[in-house]
file my_file25.tsv (TSV, C-alpha atoms)
chain	number	residue	atom	x	y	z
A	419	MET	CA	39.61	-20.55	-9.27
A	420	ILE	CA	40.83	-17.76	-7.02
A	421	GLY	CA	39.68	-15.16	-9.51
A	422	ASN	CA	36.26	-16.80	-9.77
A	423	ALA	CA	35.98	-16.97	-5.99
A	424	ARG	CA	36.70	-13.29	-5.69
A	425	TRP	CA	34.11	-12.49	-8.35
A	426	VAL	CA	31.48	-14.56	-6.53
A	427	ALA	CA	32.35	-12.87	-3.23
A	428	CYS	CA	31.96	-9.44	-4.79
A	429	ALA	CA	28.62	-10.42	-6.31
A	430	ILE	CA	27.34	-11.69	-2.96
A	431	THR	CA	28.47	-8.48	-1.25
A	432	LEU	CA	26.66	-6.39	-3.87
A	433	LEU	CA	23.45	-8.38	-3.52
A	434	VAL	CA	23.56	-8.14	0.27
A	435	GLY	CA	24.04	-4.38	0.01
A	436	ILE	CA	21.06	-4.03	-2.30
A	437	GLY	CA	18.98	-6.18	0.02
A	438	SER	CA	19.96	-4.08	3.03
A	439	ALA	CA	19.03	-0.87	1.26
A	440	ASN	CA	15.51	-2.15	0.61
A	441	ALA	CA	15.04	-4.20	3.78
A	442	GLN	CA	13.26	-1.46	5.70
A	443	ASN	CA	10.67	-1.03	2.98
A	444	SER	CA	10.09	-4.73	2.34
A	445	GLN	CA	8.35	-5.21	5.66
A	446	THR	CA	4.65	-5.86	5.33
A	447	SER	CA	3.42	-4.16	8.52
A	448	TYR	CA	3.25	-0.40	8.92
A	449	PHE	CA	1.38	-0.67	12.22
A	450	ASP	CA	2.97	-0.34	15.65
A	451	SER	CA	2.26	-2.52	18.68
A	452	ASN	CA	-0.80	-0.40	19.46
A	453	GLY	CA	-2.23	-0.92	15.99
A	454	THR	CA	-1.50	2.66	14.92
A	455	TYR	CA	-0.53	3.11	11.27
A	456	ARG	CA	2.53	5.20	10.43
A	457	PRO	CA	4.02	5.86	6.97
A	458	ARG	CA	7.81	5.53	6.92
A	459	ALA	CA	9.81	8.62	6.04
A	460	HIS	CA	12.42	8.30	3.34
A	461	THR	CA	14.87	11.09	4.09
A	462	SER	CA	16.28	12.45	0.87
A	463	GLU	CA	17.33	15.81	-0.56
A	464	LEU	CA	16.53	14.50	-4.03
A	465	LEU	CA	13.03	13.18	-3.34
A	466	PRO	CA	11.22	15.83	-1.27
A	467	ASN	CA	8.67	14.82	1.36
A	468	ALA	CA	9.00	11.14	0.53
A	469	TYR	CA	7.15	8.51	2.57
A	470	TRP	CA	6.65	4.79	2.12
A	471	VAL	CA	2.88	4.61	2.64
A	472	HIS	CA	2.93	0.92	1.76
A	473	LYS	CA	5.72	-1.55	1.07
A	474	ASP	CA	5.02	-1.20	-2.66
A	475	LEU	CA	4.29	2.53	-2.80
A	476	LEU	CA	6.57	5.51	-2.11
A	477	SER	CA	4.90	8.93	-2.19
A	478	GLY	CA	6.86	12.17	-2.62
A	479	GLY	CA	7.74	15.22	-4.69
A	480	MET	CA	8.85	15.49	-8.29
A	481	PRO	CA	12.28	13.98	-9.04
A	482	HIS	CA	14.56	16.64	-10.52
A	483	GLY	CA	17.73	15.75	-12.39
A	484	PRO	CA	19.66	12.53	-13.01
A	485	ASP	CA	20.67	12.03	-9.37
A	486	ALA	CA	17.03	11.85	-8.28
A	487	PHE	CA	16.25	9.22	-10.90
A	488	GLU	CA	19.37	7.32	-9.91
A	489	GLU	CA	18.12	7.25	-6.34
A	490	LEU	CA	14.77	5.87	-7.49
A	491	ARG	CA	16.60	3.19	-9.45
A	492	ARG	CA	18.68	2.26	-6.40
A	493	LEU	CA	15.49	1.99	-4.37
A	494	GLY	CA	14.27	-0.58	-6.87
A	495	ILE	CA	11.43	1.58	-8.22
A	496	LYS	CA	9.95	0.09	-11.39
A	497	THR	CA	7.08	2.47	-12.12
A	498	ILE	CA	6.74	6.23	-11.57
A	499	ILE	CA	3.25	7.73	-11.46
A	500	SER	CA	2.86	11.51	-11.73
A	501	VAL	CA	-0.37	13.19	-10.66
A	502	ASP	CA	1.10	16.64	-11.38
A	503	GLY	CA	0.21	18.71	-14.42
A	504	ILE	CA	3.79	19.24	-15.55
A	505	LYS	CA	5.22	17.09	-18.36
A	506	PRO	CA	7.12	14.13	-16.82
A	507	ASP	CA	10.80	13.51	-17.58
A	508	VAL	CA	10.07	10.23	-19.33
A	509	GLU	CA	13.50	9.93	-20.94
A	510	SER	CA	15.37	10.02	-17.61
A	511	ALA	CA	13.10	7.33	-16.20
A	512	GLU	CA	13.22	5.03	-19.22
A	513	ARG	CA	17.00	5.36	-19.44
A	514	ARG	CA	17.13	3.72	-16.01
A	515	GLY	CA	14.59	1.02	-16.75
A	516	MET	CA	11.59	2.71	-15.11
A	517	ARG	CA	8.19	3.29	-16.64
A	518	TYR	CA	6.44	6.68	-16.33
A	519	VAL	CA	2.64	6.93	-16.13
A	520	HIS	CA	0.92	10.33	-16.15
A	521	LEU	CA	-2.44	10.59	-14.34
A	522	PRO	CA	-2.78	14.29	-13.39
A	523	HIS	CA	-5.51	15.67	-11.17
A	524	GLY	CA	-6.24	19.03	-9.55
A	525	TYR	CA	-6.29	20.46	-6.06
A	526	ASP	CA	-10.08	20.33	-5.90
A	527	GLY	CA	-10.13	16.57	-5.36
A	528	ILE	CA	-9.85	13.44	-7.48
A	529	SER	CA	-12.74	12.43	-9.68
A	530	LYS	CA	-14.18	8.95	-9.26
A	531	GLU	CA	-12.91	7.94	-12.69
A	532	ARG	CA	-9.37	9.22	-12.13
A	533	LEU	CA	-9.16	7.58	-8.70
A	534	MET	CA	-10.16	4.26	-10.25
A	535	GLU	CA	-7.39	4.69	-12.84
A	536	ILE	CA	-4.78	5.48	-10.19
A	537	THR	CA	-5.95	2.54	-8.11
A	538	LYS	CA	-5.72	0.18	-11.07
A	539	ALA	CA	-2.24	1.54	-11.80
A	540	ILE	CA	-0.83	0.86	-8.33
A	541	ARG	CA	-2.50	-2.56	-8.28
A	542	ASP	CA	-1.47	-3.78	-11.72
A	543	LEU	CA	1.74	-2.02	-12.74
A	544	GLU	CA	5.20	-3.28	-11.85
A	545	LYS	CA	6.26	-2.54	-8.28
A	546	PRO	CA	7.56	-0.85	-6.23
A	547	ILE	CA	6.00	2.40	-7.40
A	548	TYR	CA	6.93	6.03	-6.83
A	549	LEU	CA	3.85	8.29	-6.92
A	550	HIS	CA	4.51	12.02	-6.96
A	551	CYS	CA	3.02	15.47	-7.42
A	552	HIS	CA	5.10	18.67	-7.48
A	553	HIS	CA	6.07	19.18	-3.83
A	554	GLY	CA	4.86	15.85	-2.46
A	555	LYS	CA	2.59	17.45	0.13
A	556	HIS	CA	-0.92	17.72	-1.30
A	557	ARG	CA	-2.04	15.94	-4.48
A	558	GLY	CA	0.47	13.08	-4.29
A	559	PRO	CA	-0.26	11.98	-0.70
A	560	THR	CA	-3.99	12.27	-1.41
A	561	ALA	CA	-3.72	10.03	-4.47
A	562	ALA	CA	-1.50	7.57	-2.59
A	563	ALA	CA	-3.80	7.42	0.43
A	564	ALA	CA	-7.05	7.14	-1.52
A	565	ALA	CA	-5.63	4.57	-3.97
A	566	CYS	CA	-4.21	2.39	-1.19
A	567	VAL	CA	-7.62	2.33	0.47
A	568	SER	CA	-9.42	1.76	-2.83
A	569	ALA	CA	-7.08	-1.13	-3.69
A	570	GLY	CA	-7.66	-2.72	-0.30
A	571	TRP	CA	-4.03	-2.25	0.72
A	572	LEU	CA	-4.86	-0.09	3.75
A	573	PRO	CA	-7.97	0.42	5.91
A	574	PRO	CA	-9.91	3.68	5.37
A	575	ASN	CA	-8.88	5.18	8.73
A	576	THR	CA	-5.24	5.36	7.60
A	577	ALA	CA	-5.88	7.89	4.81
A	578	PRO	CA	-6.17	10.97	7.07
A	579	ILE	CA	-2.95	9.91	8.83
A	580	ILE	CA	-1.07	9.95	5.53
A	581	LEU	CA	-2.31	13.45	4.73
A	582	LYS	CA	-1.46	14.76	8.19
A	583	ILE	CA	2.09	13.38	8.20
A	584	ALA	CA	2.73	14.56	4.63
A	585	GLY	CA	1.61	18.06	5.58
A	586	THR	CA	-1.40	18.31	3.28
A	587	ASN	CA	-3.09	21.68	3.74
A	588	PRO	CA	-6.60	21.12	5.19
A	589	ALA	CA	-7.75	24.12	3.16
A	590	PHE	CA	-7.70	21.79	0.15
A	591	LYS	CA	-11.11	20.49	1.10
A	592	GLY	CA	-11.59	18.51	-2.08
A	593	LEU	CA	-8.37	16.57	-1.50
A	594	VAL	CA	-9.21	15.91	2.14
A	595	ALA	CA	-12.67	14.70	1.15
A	596	THR	CA	-11.23	12.37	-1.50
A	597	ALA	CA	-8.93	10.70	1.02
A	598	THR	CA	-11.34	10.50	3.95
A	599	ASN	CA	-14.21	9.21	1.81
A	600	ALA	CA	-12.20	6.54	0.00
A	601	THR	CA	-13.50	2.99	0.33
A	602	PRO	CA	-12.28	-0.36	-1.05
A	603	LEU	CA	-13.30	-0.98	-4.65
A	604	ASN	CA	-14.63	-4.26	-5.97
A	605	PRO	CA	-11.65	-6.02	-7.60
A	606	GLU	CA	-13.89	-7.07	-10.48
A	607	THR	CA	-14.64	-3.41	-11.18
A	608	LEU	CA	-10.93	-2.74	-11.54
A	609	ASP	CA	-10.51	-5.86	-13.66
A	610	GLU	CA	-13.13	-4.59	-16.10
A	611	LEU	CA	-11.74	-1.05	-16.22
A	612	GLN	CA	-10.03	-0.35	-19.55
A	613	VAL	CA	-7.20	2.16	-19.21
A	614	GLU	CA	-4.40	3.14	-21.56
A	615	PHE	CA	-1.61	4.24	-19.26
A	616	VAL	CA	0.38	6.91	-21.10
A	617	PRO	CA	3.71	8.51	-20.13
A	618	ILE	CA	2.52	12.03	-20.97
A	619	ALA	CA	-1.12	13.04	-20.74
A	620	GLU	CA	-2.64	16.01	-22.52
A	621	VAL	CA	-3.60	18.88	-20.21
A	622	PRO	CA	-5.47	22.11	-21.07
A	623	PRO	CA	-3.20	25.02	-22.10
A	624	ILE	CA	-4.33	27.09	-19.11
A	625	ILE	CA	-3.15	24.32	-16.76
A	626	GLU	CA	0.23	24.15	-18.50
A	627	THR	CA	0.64	27.90	-18.03
A	628	MET	CA	-0.28	27.70	-14.35
A	629	VAL	CA	2.24	24.89	-13.86
A	630	ALA	CA	4.90	27.08	-15.47
A	631	ILE	CA	3.94	29.97	-13.15
A	632	ASP	CA	4.38	27.71	-10.12
A	633	GLU	CA	7.84	26.65	-11.26
A	634	VAL	CA	9.11	30.20	-11.86
A	635	PHE	CA	7.61	31.48	-8.61
A	636	ASP	CA	9.31	28.63	-6.73
A	637	ARG	CA	12.65	29.78	-8.17
A	638	LEU	CA	11.93	33.36	-7.13
A	639	LYS	CA	11.02	32.27	-3.59
A	640	LYS	CA	14.29	30.39	-3.30
A	641	SER	CA	16.17	33.44	-4.52
A	642	GLN	CA	14.29	35.62	-2.06
A	643	LYS	CA	15.35	33.30	0.75
A	644	ASP	CA	18.98	33.57	-0.43
A	645	GLY	CA	18.85	37.38	-0.49
A	646	TRP	CA	18.16	38.19	-4.17
A	647	LYS	CA	20.67	38.40	-6.99
A	648	LYS	CA	20.98	40.74	-9.95
A	649	GLU	CA	20.28	37.81	-12.28
A	650	ASP	CA	16.78	37.37	-10.85
A	651	GLN	CA	15.39	39.85	-13.36
A	652	ALA	CA	15.13	37.05	-15.94
A	653	ASN	CA	12.77	35.06	-13.73
A	654	GLY	CA	10.76	38.20	-12.96
A	655	LEU	CA	10.34	38.81	-16.67
A	656	LEU	CA	9.38	35.17	-17.26
A	657	LEU	CA	6.77	35.27	-14.48
A	658	ASN	CA	5.17	38.36	-15.97
A	659	GLU	CA	5.19	36.78	-19.44
A	660	HIS	CA	3.42	33.70	-18.07
A	661	PHE	CA	0.71	35.90	-16.55
A	662	MET	CA	0.28	37.65	-19.88
A	663	GLU	CA	0.03	34.25	-21.56
A	664	LEU	CA	-2.57	33.23	-18.98
A	665	SER	CA	-4.63	36.29	-19.87
A	666	ARG	CA	-4.53	35.20	-23.52
A	667	THR	CA	-5.11	31.47	-22.93
A	668	GLU	CA	-8.48	30.00	-23.81
A	669	SER	CA	-10.08	29.26	-20.45
A	670	HIS	CA	-13.12	27.19	-21.32
A	671	GLY	CA	-13.58	24.09	-19.20
A	672	VAL	CA	-11.74	25.59	-16.24
A	673	HIS	CA	-13.97	26.38	-13.29
A	674	GLY	CA	-14.80	30.08	-13.06
A	675	ALA	CA	-12.17	31.21	-15.57
A	676	ARG	CA	-14.64	33.45	-17.41
A	677	GLN	CA	-16.17	34.94	-14.31
A	678	PRO	CA	-15.52	38.65	-13.65
A	679	GLU	CA	-13.96	37.81	-10.28
A	680	PHE	CA	-11.37	35.56	-11.94
A	681	GLN	CA	-10.58	38.14	-14.59
A	682	GLU	CA	-10.13	40.83	-11.93
A	683	LEU	CA	-7.75	38.64	-9.93
A	684	LEU	CA	-5.84	37.92	-13.12
A	685	ARG	CA	-5.61	41.65	-13.84
A	686	GLN	CA	-4.26	42.28	-10.35
A	687	GLY	CA	-1.75	39.44	-10.72
A	688	LEU	CA	-0.56	40.81	-14.06
A	689	GLU	CA	-0.11	44.24	-12.49
A	690	ALA	CA	1.83	42.82	-9.51
A	691	THR	CA	4.13	40.64	-11.64
A	692	GLY	CA	4.79	43.58	-13.95
A	693	LEU	CA	5.87	45.66	-10.95
A	694	LEU	CA	8.04	42.81	-9.69
A	695	GLU	CA	9.78	42.51	-13.06
A	696	ARG	CA	10.52	46.26	-13.11
A	697	GLN	CA	11.87	46.17	-9.56
A	698	LEU	CA	14.14	43.22	-10.34
A	699	THR	CA	15.36	45.08	-13.43
A	700	LYS	CA	16.36	48.02	-11.20
A	701	LEU	CA	18.18	45.57	-8.95
A	702	GLU	CA	20.07	44.16	-11.92
A	703	ILE	CA	21.32	47.53	-13.14
A	704	SER	CA	21.98	48.90	-9.67
A	705	ALA	CA	25.53	48.57	-8.42
A	706	ALA	CA	24.52	49.41	-4.86
A	707	ASN	CA	22.94	47.03	-2.38
A	708	ASP	CA	19.79	49.09	-1.93
A	709	PRO	CA	17.92	47.79	1.15
A	710	LEU	CA	14.82	49.84	0.32
A	711	LEU	CA	14.62	48.29	-3.15
A	712	ARG	CA	15.07	44.80	-1.76
A	713	GLN	CA	12.30	45.42	0.77
A	714	ALA	CA	10.05	46.70	-2.00
A	715	ILE	CA	10.73	43.51	-3.96
A	716	ASN	CA	9.83	41.41	-0.91
A	717	ASP	CA	6.60	43.37	-0.50
A	718	THR	CA	5.68	42.77	-4.14
A	719	MET	CA	6.46	39.06	-3.78
A	720	LYS	CA	3.98	38.97	-0.90
A	721	ARG	CA	1.42	40.74	-3.07
A	722	VAL	CA	1.87	38.18	-5.87
A	723	SER	CA	1.63	35.30	-3.39
A	724	GLN	CA	-1.58	36.67	-1.85
A	725	ASN	CA	-3.06	37.12	-5.31
A	726	CYS	CA	-2.30	33.49	-6.19
A	727	THR	CA	-3.66	32.23	-2.87
A	728	GLN	CA	-6.89	34.18	-3.23
A	729	CYS	CA	-7.39	32.87	-6.76
A	730	HIS	CA	-6.62	29.29	-5.72
A	731	VAL	CA	-9.04	29.35	-2.81
A	732	GLN	CA	-11.85	30.73	-4.94
A	733	PHE	CA	-11.30	28.97	-8.26
A	734	ARG	CA	-8.90	26.05	-7.89
A	735	ASP	CA	-9.08	24.37	-4.50
A	736	ASN	CA	-12.85	24.09	-4.20
A	737	SER	CA	-14.11	23.93	-7.77
A	738	ASN	CA	-16.38	21.04	-6.85
A	739	GLY	CA	-18.08	23.20	-4.28
A	740	GLN	CA	-16.57	21.25	-1.41
call {"tool": "encode", "arguments": {"input": "my_file25.tsv", "output": "structure tokens"}}
result
Amino acid sequence: MIGNARWVACAITLLVGIGSANAQNSQTSYFDSNGTYRPRAHTSELLPNAYWVHKDLLSGGMPHGPDAFEELRRLGIKTIISVDGIKPDVESAERRGMRYVHLPHGYDGISKERLMEITKAIRDLEKPIYLHCHHGKHRGPTAAAAACVSAGWLPPNTAPIILKIAGTNPAFKGLVATATNATPLNPETLDELQVEFVPIAEVPPIIETMVAIDEVFDRLKKSQKDGWKKEDQANGLLLNEHFMELSRTESHGVHGARQPEFQELLRQGLEATGLLERQLTKLEISAANDPLLRQAINDTMKRVSQNCTQCHVQFRDNSNGQ
């Protein structure tokens, strides 16, 4: 009897702990006494830029590694929706009893059809849901805001608030337009919508290459912040290889990819990443801490970043003409 009593006490303590961890997010109202809507920040080093935009929907950045997926499990997440182009880590999610759904979209806004699919997903799939893009600042918050409005979970005037708090860049005019123009959908329309929710969606090869470029460049930016290391040459080489692959990748179906302006920007990017790779190679074989070389590397990083930004503004962020 004593042993059983102790077991029951432990079970009750565990359940209370789980309930306390989720209590903040189980509240139904996200409006203050003045009627102002505010998403709730979920502070986490494992889930970047995470916000509960609704009691059933957490928006944030891509979960990396087992600890991030463990945190999602502890939060009670049942479904993970990725709107990023990168291949989701389905195995890590399924191992912890979570379902992955892949519904990628670009920086130029969300098509009507894709928004309907995302809305149906948050409405019908098991909750709570974690919806993410790569960094959790642009595409993810837009999808979360627009889908919450489309599902009737939140009023339309809350969508711009979500984007502002998440830090969505207003230069992504297509994303801003998607969120601000979202309106509630007829539930019957969603009922009739036939969608096969898949864990990994097919994306064009050029998009896969661009996703890979983003990942490598993120690693280089982190290394730059830490002061550069001799081992960074490998990432410099990989970045240049990805640009060469991009120049070989079939570009049909991607806005402007065959235009002379795009090809010229790609040529400039290939030239800059080639220079960066050579500079990082010099750093690797150099025993001295050469400040001039490190400054040259920083200057080339800026050149690569400006090249990417210029290309994004012209060919990625506004491909709908918005």
call {"tool": "residues_around", "arguments": {"input": "my_file25.tsv", "residues": "segment 603-607 of chain A", "least_positions_apart": "2", "cutoff": "8 Å", "atoms": "all atoms listed in the file", "output": "number ranges by chain"}}
result
A: 568-570, 601, 609-611
call {"tool": "residues_near_point", "arguments": {"input": "my_file25.tsv", "point": "(-5.3, 13.7, -3.2)", "cutoff": "10 Å", "atoms": "all atoms listed in the file", "output": "PDB file with C-alpha atoms, keeping the file's coordinate frame"}}
result
ATOM      1  CA  VAL A 501      -0.370  13.190 -10.660  1.00  0.00           C
ATOM      2  CA  HIS A 523      -5.510  15.670 -11.170  1.00  0.00           C
ATOM      3  CA  GLY A 524      -6.240  19.030  -9.550  1.00  0.00           C
ATOM      4  CA  TYR A 525      -6.290  20.460  -6.060  1.00  0.00           C
ATOM      5  CA  ASP A 526     -10.080  20.330  -5.900  1.00  0.00           C
ATOM      6  CA  GLY A 527     -10.130  16.570  -5.360  1.00  0.00           C
ATOM      7  CA  ILE A 528      -9.850  13.440  -7.480  1.00  0.00           C
ATOM      8  CA  SER A 529     -12.740  12.430  -9.680  1.00  0.00           C
ATOM      9  CA  LEU A 533      -9.160   7.580  -8.700  1.00  0.00           C
ATOM     10  CA  CYS A 551       3.020  15.470  -7.420  1.00  0.00           C
ATOM     11  CA  LYS A 555       2.590  17.450   0.130  1.00  0.00           C
ATOM     12  CA  HIS A 556      -0.920  17.720  -1.300  1.00  0.00           C
ATOM     13  CA  ARG A 557      -2.040  15.940  -4.480  1.00  0.00           C
ATOM     14  CA  GLY A 558       0.470  13.080  -4.290  1.00  0.00           C
ATOM     15  CA  PRO A 559      -0.260  11.980  -0.700  1.00  0.00           C
ATOM     16  CA  THR A 560      -3.990  12.270  -1.410  1.00  0.00           C
ATOM     17  CA  ALA A 561      -3.720  10.030  -4.470  1.00  0.00           C
ATOM     18  CA  ALA A 562      -1.500   7.570  -2.590  1.00  0.00           C
ATOM     19  CA  ALA A 563      -3.800   7.420   0.430  1.00  0.00           C
ATOM     20  CA  ALA A 564      -7.050   7.140  -1.520  1.00  0.00           C
ATOM     21  CA  ALA A 565      -5.630   4.570  -3.970  1.00  0.00           C
ATOM     22  CA  ALA A 577      -5.880   7.890   4.810  1.00  0.00           C
ATOM     23  CA  LEU A 581      -2.310  13.450   4.730  1.00  0.00           C
ATOM     24  CA  THR A 586      -1.400  18.310   3.280  1.00  0.00           C
ATOM     25  CA  PHE A 590      -7.700  21.790   0.150  1.00  0.00           C
ATOM     26  CA  LYS A 591     -11.110  20.490   1.100  1.00  0.00           C
ATOM     27  CA  GLY A 592     -11.590  18.510  -2.080  1.00  0.00           C
ATOM     28  CA  LEU A 593      -8.370  16.570  -1.500  1.00  0.00           C
ATOM     29  CA  VAL A 594      -9.210  15.910   2.140  1.00  0.00           C
ATOM     30  CA  ALA A 595     -12.670  14.700   1.150  1.00  0.00           C
ATOM     31  CA  THR A 596     -11.230  12.370  -1.500  1.00  0.00           C
ATOM     32  CA  ALA A 597      -8.930  10.700   1.020  1.00  0.00           C
ATOM     33  CA  THR A 598     -11.340  10.500   3.950  1.00  0.00           C
TER      34      THR A 598
END
call {"tool": "residues_around", "arguments": {"input": "my_file25.tsv", "residues": "segment 690-697 of chain A", "least_positions_apart": "3", "cutoff": "6 Å", "atoms": "only C-alpha atoms", "output": "count of residues only"}}
result
6
call {"tool": "atom_distance", "arguments": {"input": "my_file25.tsv", "atom1": "atom CA of Tyr469 of chain A", "atom2": "atom CA of Gln612 of chain A"}}
result
29.4 Å
call {"tool": "residues_around", "arguments": {"input": "my_file25.tsv", "residues": "segment 504-515 of chain A", "least_positions_apart": "4", "cutoff": "8 Å", "atoms": "all atoms listed in the file", "output": "list in words"}}
result
Pro484, Phe487, Glu488, Arg491, Lys496, Ile498, Ser500, His520, Pro617, Ile618, Ala619, Glu626, Val629 and Ala630 of chain A
call {"tool": "atom_distance", "arguments": {"input": "my_file25.tsv", "atom1": "atom CA of Ile715 of chain A", "atom2": "atom CA of Gln686 of chain A"}}
result
16.3 Å
call {"tool": "closest_residue", "arguments": {"input": "my_file25.tsv", "among": "A:Glu663, A:Val616, A:Ser477, A:Ala486", "to": "Ser462 of chain A", "atoms": "only C-alpha atoms"}}
result
A:Ala486
call {"tool": "axis_aligned_box", "arguments": {"input": "my_file25.tsv", "around": "segment 534-539 of chain A", "padding_each_side": "6 Å", "output": "JSON"}}
result
{"center_x": -6.2, "center_y": 2.8, "center_z": -10.5, "size_x": 19.9, "size_y": 17.3, "size_z": 16.7}
call {"tool": "atom_distance", "arguments": {"input": "my_file25.tsv", "atom1": "atom CA of Ala600 of chain A", "atom2": "atom CA of Met480 of chain A"}}
result
24.3 Å
call {"tool": "closest_residue", "arguments": {"input": "my_file25.tsv", "among": "A:His660, A:Lys639, A:Lys647, A:His460", "to": "Ser723 of chain A", "atoms": "all atoms listed in the file"}}
result
A:Lys639
call {"tool": "residues_around", "arguments": {"input": "my_file25.tsv", "residues": "Glu679 of chain A", "least_positions_apart": "5", "cutoff": "10 Å", "atoms": "all atoms listed in the file", "output": "number ranges by chain"}}
result
A: 674, 684-685, 729, 732-733
call {"tool": "closest_residue", "arguments": {"input": "my_file25.tsv", "among": "A:Pro602, A:Asn575, A:Lys530, A:Ile580", "to": "Ala459 of chain A", "atoms": "all atoms listed in the file"}}
result
A:Ile580
call {"tool": "decode", "arguments": {"input": "my_file25.tsv", "residues": "segment 629-641 of chain A", "atoms": "N, CA and C atoms", "output": "PDB file, in the first residue's frame"}}
result
ATOM      1  N   VAL A 629      18.498  27.090 -50.718  1.00  0.00           N
ATOM      2  CA  VAL A 629      18.369  26.748 -49.292  1.00  0.00           C
ATOM      3  C   VAL A 629      19.730  26.343 -48.740  1.00  0.00           C
ATOM      4  N   ALA A 630      20.459  25.541 -49.509  1.00  0.00           N
ATOM      5  CA  ALA A 630      21.788  25.103 -49.069  1.00  0.00           C
ATOM      6  C   ALA A 630      22.737  26.291 -48.938  1.00  0.00           C
ATOM      7  N   ILE A 631      22.643  27.248 -49.862  1.00  0.00           N
ATOM      8  CA  ILE A 631      23.472  28.455 -49.792  1.00  0.00           C
ATOM      9  C   ILE A 631      23.179  29.224 -48.505  1.00  0.00           C
ATOM     10  N   ASP A 632      21.900  29.362 -48.178  1.00  0.00           N
ATOM     11  CA  ASP A 632      21.525  30.070 -46.945  1.00  0.00           C
ATOM     12  C   ASP A 632      22.138  29.406 -45.718  1.00  0.00           C
ATOM     13  N   GLU A 633      22.098  28.085 -45.676  1.00  0.00           N
ATOM     14  CA  GLU A 633      22.614  27.365 -44.514  1.00  0.00           C
ATOM     15  C   GLU A 633      24.115  27.562 -44.351  1.00  0.00           C
ATOM     16  N   VAL A 634      24.865  27.440 -45.451  1.00  0.00           N
ATOM     17  CA  VAL A 634      26.320  27.593 -45.375  1.00  0.00           C
ATOM     18  C   VAL A 634      26.680  29.033 -45.020  1.00  0.00           C
ATOM     19  N   PHE A 635      25.977  29.985 -45.617  1.00  0.00           N
ATOM     20  CA  PHE A 635      26.286  31.391 -45.340  1.00  0.00           C
ATOM     21  C   PHE A 635      25.975  31.741 -43.884  1.00  0.00           C
ATOM     22  N   ASP A 636      24.937  31.125 -43.322  1.00  0.00           N
ATOM     23  CA  ASP A 636      24.638  31.322 -41.900  1.00  0.00           C
ATOM     24  C   ASP A 636      25.803  30.838 -41.035  1.00  0.00           C
ATOM     25  N   ARG A 637      26.388  29.697 -41.406  1.00  0.00           N
ATOM     26  CA  ARG A 637      27.530  29.180 -40.651  1.00  0.00           C
ATOM     27  C   ARG A 637      28.731  30.114 -40.761  1.00  0.00           C
ATOM     28  N   LEU A 638      28.937  30.672 -41.960  1.00  0.00           N
ATOM     29  CA  LEU A 638      30.047  31.600 -42.147  1.00  0.00           C
ATOM     30  C   LEU A 638      29.820  32.895 -41.359  1.00  0.00           C
ATOM     31  N   LYS A 639      28.588  33.371 -41.304  1.00  0.00           N
ATOM     32  CA  LYS A 639      28.305  34.587 -40.533  1.00  0.00           C
ATOM     33  C   LYS A 639      28.547  34.364 -39.046  1.00  0.00           C
ATOM     34  N   LYS A 640      28.203  33.194 -38.562  1.00  0.00           N
ATOM     35  CA  LYS A 640      28.464  32.883 -37.159  1.00  0.00           C
ATOM     36  C   LYS A 640      29.961  32.837 -36.890  1.00  0.00           C
ATOM     37  N   SER A 641      30.704  32.237 -37.811  1.00  0.00           N
ATOM     38  CA  SER A 641      32.149  32.169 -37.666  1.00  0.00           C
ATOM     39  C   SER A 641      32.770  33.557 -37.735  1.00  0.00           C
TER      40      SER A 641
END
